[in-house]
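Structure file upload.cif (mmCIF, C-alpha atoms and all ligand atoms) is printed below.
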```
data_protein
loop_
_atom_site.label_atom_id
_atom_site.label_comp_id
_atom_site.auth_asym_id
_atom_site.auth_seq_id
_atom_site.Cartn_x
_atom_site.Cartn_y
_atom_site.Cartn_z
CA MET A 1 -44.16 45.93 80.94
CA THR A 2 -47.08 47.86 82.44
CA PRO A 3 -49.68 49.27 79.97
CA ARG A 4 -48.19 52.70 80.58
CA GLU A 5 -44.67 51.52 79.73
CA ARG A 6 -45.92 49.73 76.66
CA ALA A 7 -47.66 52.90 75.45
CA LEU A 8 -44.47 54.90 75.95
CA SER A 9 -42.39 52.34 74.05
CA ALA A 10 -44.93 52.36 71.22
CA ALA A 11 -44.92 56.16 70.99
CA LEU A 12 -41.11 56.32 70.88
CA MET A 13 -40.93 53.50 68.36
CA ARG A 14 -43.51 55.28 66.17
CA VAL A 15 -41.31 58.39 66.17
CA ASP A 16 -38.28 56.27 65.21
CA HIS A 17 -40.28 54.60 62.46
CA VAL A 18 -41.26 58.00 61.02
CA GLY A 19 -37.58 58.96 61.15
CA GLU A 20 -36.75 55.96 59.00
CA VAL A 21 -39.59 56.73 56.57
CA CYS A 22 -38.02 60.19 56.21
CA ALA A 23 -34.55 58.65 55.76
CA GLN A 24 -35.89 56.61 52.83
CA ALA A 25 -37.38 59.72 51.24
CA LEU A 26 -34.29 61.89 51.82
CA TYR A 27 -31.77 59.39 50.43
CA THR A 28 -33.98 58.53 47.46
CA ALA A 29 -34.47 62.20 46.57
CA GLN A 30 -30.78 62.94 47.03
CA ALA A 31 -29.84 59.99 44.79
CA LEU A 32 -32.18 61.32 42.09
CA SER A 33 -30.94 64.89 42.26
CA THR A 34 -27.17 64.36 41.95
CA SER A 35 -25.47 64.14 38.56
CA ASP A 36 -22.48 62.23 40.03
CA PRO A 37 -22.98 58.45 39.44
CA ALA A 38 -20.66 57.50 42.36
CA LEU A 39 -22.57 59.75 44.75
CA ARG A 40 -25.88 58.41 43.45
CA GLU A 41 -24.68 54.86 44.20
CA ARG A 42 -23.65 56.00 47.71
CA PHE A 43 -27.11 57.46 48.43
CA GLU A 44 -28.84 54.37 47.04
CA HIS A 45 -26.66 52.15 49.21
CA ALA A 46 -27.50 54.29 52.27
CA ALA A 47 -31.22 54.05 51.48
CA ARG A 48 -30.91 50.24 51.39
CA GLU A 49 -29.23 50.25 54.81
CA GLU A 50 -32.02 52.41 56.22
CA THR A 51 -34.50 49.80 54.95
CA ASP A 52 -33.32 47.50 57.76
CA HIS A 53 -34.08 50.21 60.33
CA LEU A 54 -37.50 50.71 58.78
CA ALA A 55 -38.22 46.97 59.04
CA TRP A 56 -37.00 46.68 62.65
CA THR A 57 -39.09 49.60 63.90
CA GLN A 58 -42.16 48.43 61.97
CA GLN A 59 -41.83 44.92 63.40
CA ARG A 60 -41.40 46.28 66.92
CA LEU A 61 -44.51 48.47 66.55
CA ARG A 62 -46.44 45.36 65.56
CA GLU A 63 -45.14 43.46 68.59
CA LEU A 64 -46.25 46.36 70.81
CA HIS A 65 -49.69 46.22 69.14
CA ALA A 66 -49.28 49.78 67.91
CA ARG A 67 -49.75 51.44 64.54
CA PRO A 68 -47.23 53.43 62.54
CA SER A 69 -47.95 57.15 62.11
CA VAL A 70 -51.09 57.79 60.04
CA LEU A 71 -49.26 60.80 58.60
CA ASN A 72 -46.48 58.71 57.01
CA PRO A 73 -47.36 59.68 53.41
CA LEU A 74 -47.10 63.32 54.46
CA TRP A 75 -43.75 62.78 56.22
CA TYR A 76 -42.44 60.96 53.16
CA ALA A 77 -43.53 63.71 50.78
CA GLY A 78 -42.10 66.47 52.96
CA ALA A 79 -38.76 64.71 53.43
CA PHE A 80 -38.57 63.94 49.72
CA GLY A 81 -38.99 67.64 48.90
CA ILE A 82 -36.32 68.63 51.42
CA GLY A 83 -33.94 65.93 50.11
CA TRP A 84 -34.51 67.15 46.57
CA LEU A 85 -33.70 70.74 47.55
CA ALA A 86 -30.56 69.60 49.39
CA GLY A 87 -29.50 67.67 46.30
CA ARG A 88 -30.08 70.63 44.01
CA ALA A 89 -27.88 72.78 46.25
CA GLY A 90 -24.86 70.74 45.14
CA ASP A 91 -23.09 67.53 46.16
CA ALA A 92 -21.07 68.96 49.05
CA VAL A 93 -24.18 70.57 50.55
CA SER A 94 -26.16 67.37 49.98
CA LEU A 95 -23.51 65.41 51.89
CA GLY A 96 -23.47 68.12 54.57
CA PHE A 97 -27.20 67.64 54.90
CA VAL A 98 -26.63 63.92 55.52
CA VAL A 99 -24.03 64.67 58.20
CA GLU A 100 -26.39 67.03 60.02
CA THR A 101 -29.44 64.76 59.66
CA GLU A 102 -27.61 61.69 60.95
CA ARG A 103 -26.17 63.72 63.82
CA GLN A 104 -29.62 64.93 64.86
CA VAL A 105 -31.08 61.42 64.53
CA GLU A 106 -28.24 60.02 66.63
CA GLN A 107 -28.91 62.61 69.37
CA HIS A 108 -32.58 61.83 69.32
CA LEU A 109 -31.96 58.07 69.56
CA HIS A 110 -29.68 58.79 72.51
CA ASP A 111 -32.60 60.63 74.14
CA HIS A 112 -34.90 57.68 73.43
CA LEU A 113 -32.50 55.31 75.17
CA ARG A 114 -32.85 57.49 78.24
CA ARG A 115 -36.66 57.45 78.03
CA LEU A 116 -37.43 53.86 76.96
CA PRO A 117 -38.61 51.60 79.82
CA ALA A 118 -35.65 49.72 81.32
CA GLY A 119 -37.50 46.44 80.86
CA ASP A 120 -38.05 46.93 77.12
CA THR A 121 -34.77 45.31 76.15
CA THR A 122 -35.98 44.54 72.60
CA SER A 123 -36.72 48.18 71.73
CA ARG A 124 -33.52 49.26 73.44
CA ALA A 125 -31.42 46.83 71.38
CA ILE A 126 -33.00 48.16 68.16
CA VAL A 127 -32.35 51.78 69.09
CA GLU A 128 -28.75 51.00 70.20
CA GLN A 129 -27.97 49.38 66.85
CA MET A 130 -29.60 52.18 64.83
CA LYS A 131 -27.65 54.76 66.80
CA LEU A 132 -24.38 53.02 65.87
CA ASP A 133 -25.43 52.80 62.21
CA GLU A 134 -26.47 56.48 62.00
CA ALA A 135 -23.12 57.53 63.46
CA ARG A 136 -21.41 55.48 60.76
CA HIS A 137 -23.59 57.02 58.02
CA GLY A 138 -22.72 60.52 59.21
CA ALA A 139 -18.99 59.74 59.40
CA ALA A 140 -19.02 58.29 55.87
CA ALA A 141 -20.70 61.42 54.47
CA ARG A 142 -18.19 63.61 56.29
CA ALA A 143 -15.29 61.61 54.83
CA ALA A 144 -16.84 61.91 51.34
CA GLY A 145 -16.41 65.70 51.39
CA ALA A 146 -19.46 67.14 53.15
CA ALA A 147 -19.78 70.91 53.51
CA THR A 148 -20.71 72.35 56.91
CA LEU A 149 -24.23 73.73 56.71
CA PRO A 150 -24.89 77.32 57.84
CA ALA A 151 -26.30 77.57 61.38
CA PRO A 152 -29.77 78.88 60.31
CA VAL A 153 -30.19 75.82 58.07
CA ARG A 154 -29.25 73.53 60.96
CA TRP A 155 -31.73 75.33 63.25
CA THR A 156 -34.49 75.01 60.65
CA MET A 157 -33.77 71.29 60.31
CA ARG A 158 -33.95 70.93 64.09
CA LEU A 159 -37.27 72.75 64.15
CA ALA A 160 -38.71 70.56 61.37
CA ALA A 161 -37.53 67.44 63.24
CA ARG A 162 -39.15 68.75 66.41
CA VAL A 163 -42.52 69.20 64.67
CA MET A 164 -42.22 65.67 63.30
CA THR A 165 -41.26 64.02 66.60
CA VAL A 166 -43.90 65.80 68.68
CA THR A 167 -46.64 64.94 66.17
CA ALA A 168 -45.55 61.34 65.56
CA HIS A 169 -45.43 60.71 69.30
CA ARG A 170 -49.24 60.98 69.23
CA VAL A 171 -50.45 60.06 65.74
FE FE A 201 -31.82 54.85 60.15
FE FE A 202 -28.75 56.70 58.75
#
```
Write out the structure in this file as structure tokens.
Ligand SMILES: [Fe+2]
Ligand SMILES: [Fe+2]
Amino acid sequence: MTPRERALSAALMRVDHVGEVCAQALYTAQALSTSDPALRERFEHAAREETDHLAWTQQRLRELHARPSVLNPLWYAGAFGIGWLAGRAGDAVSLGFVVETERQVEQHLHDHLRRLPAGDTTSRAIVEQMKLDEARHGAAARAAGAATLPAPVRWTMRLAARVMTVTAHRV
């Protein structure tokens, strides 16, 4: 890879890593805020699966000689608060939040596959696998009885994700 390609890969991988930091925070907060033991177990299981994604993106950043986002504690705290609110809104809404989050993450990974350097087969393989996993997470939440979120909520989530991705691309 050229230095320019390497920098692009690192920036995209940093964004994906932040996404996984947020996934940890969201699922943990949602597990804590439900009173249904079965749903709590489901969220805890999902958080464990996202741990793999977190490890893969972190490892890839290291291989690219790049740092994770310096704002990770802030991303974690913000996502935890949002996950907590989603959980307090009730189990169906909480599951609906998972469906929408995973759908947005999947779209954004799809976009990264378009932008990642063709020669960076390692990063591409990671993103491909995560994209498959996120689709599965979303489908599972849908099957578990997720409510459809109102459009303004979905737009707000998209906006928040946009702020996160644009910022994490740089720092
Ligand atoms: Fe993930
Ligand atoms: Fe996921």
Within 12 Å of ligand FE 201 (chain A) (all atoms listed in the file), residues as a VMD selection string: chain A and resid 15 to 27 46 to 57 98 101 to 106 108 to 109 126 to 138
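Of the listed residues (A:Val70, A:Arg60, A:Asp91, A:Ala11), A:Asp91 comes nearest to Leu32 (chain A); the distances count all atoms listed in the file.
With CA of His65 (chain A) on one side and CA of Ala7 (chain A) on the other, the separation reads 9.4 Å.
Taking CA of Leu71 (chain A) and CA of Ala10 (chain A) as the two end points, the separation is 15.8 Å.
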Taking only C-alpha atoms and all ligand atoms into account, name the residue in A:Ala161, A:Ala66, A:Val99, A:Leu116 that is nearest to ligand FE 202 (chain A).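 Looking at the shortest contact to ligand FE 202 (chain A), the residue is A:Val99.
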Do you know which residues are at most 8 Å from Gly119 (chain A) counting only C-alpha atoms, after dropping those on the same chain fewer than 2 positions away, and could you put them as a PDB file with C-alpha atoms, in the coordinates of the input?
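Writing done, so here's out_15.pdb:
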```
ATOM      1  CA  MET A   1     -44.160  45.930  80.940  1.00  0.00           C
ATOM      2  CA  PRO A 117     -38.610  51.600  79.820  1.00  0.00           C
ATOM      3  CA  THR A 121     -34.770  45.310  76.150  1.00  0.00           C
TER       4      THR A 121
END
```
Work out how far CA of Glu44 (chain A) is from CA of Gln107 (chain A), in Å to one decimal.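 CA of Glu44 (chain A) lies 23.8 Å from CA of Gln107 (chain A).
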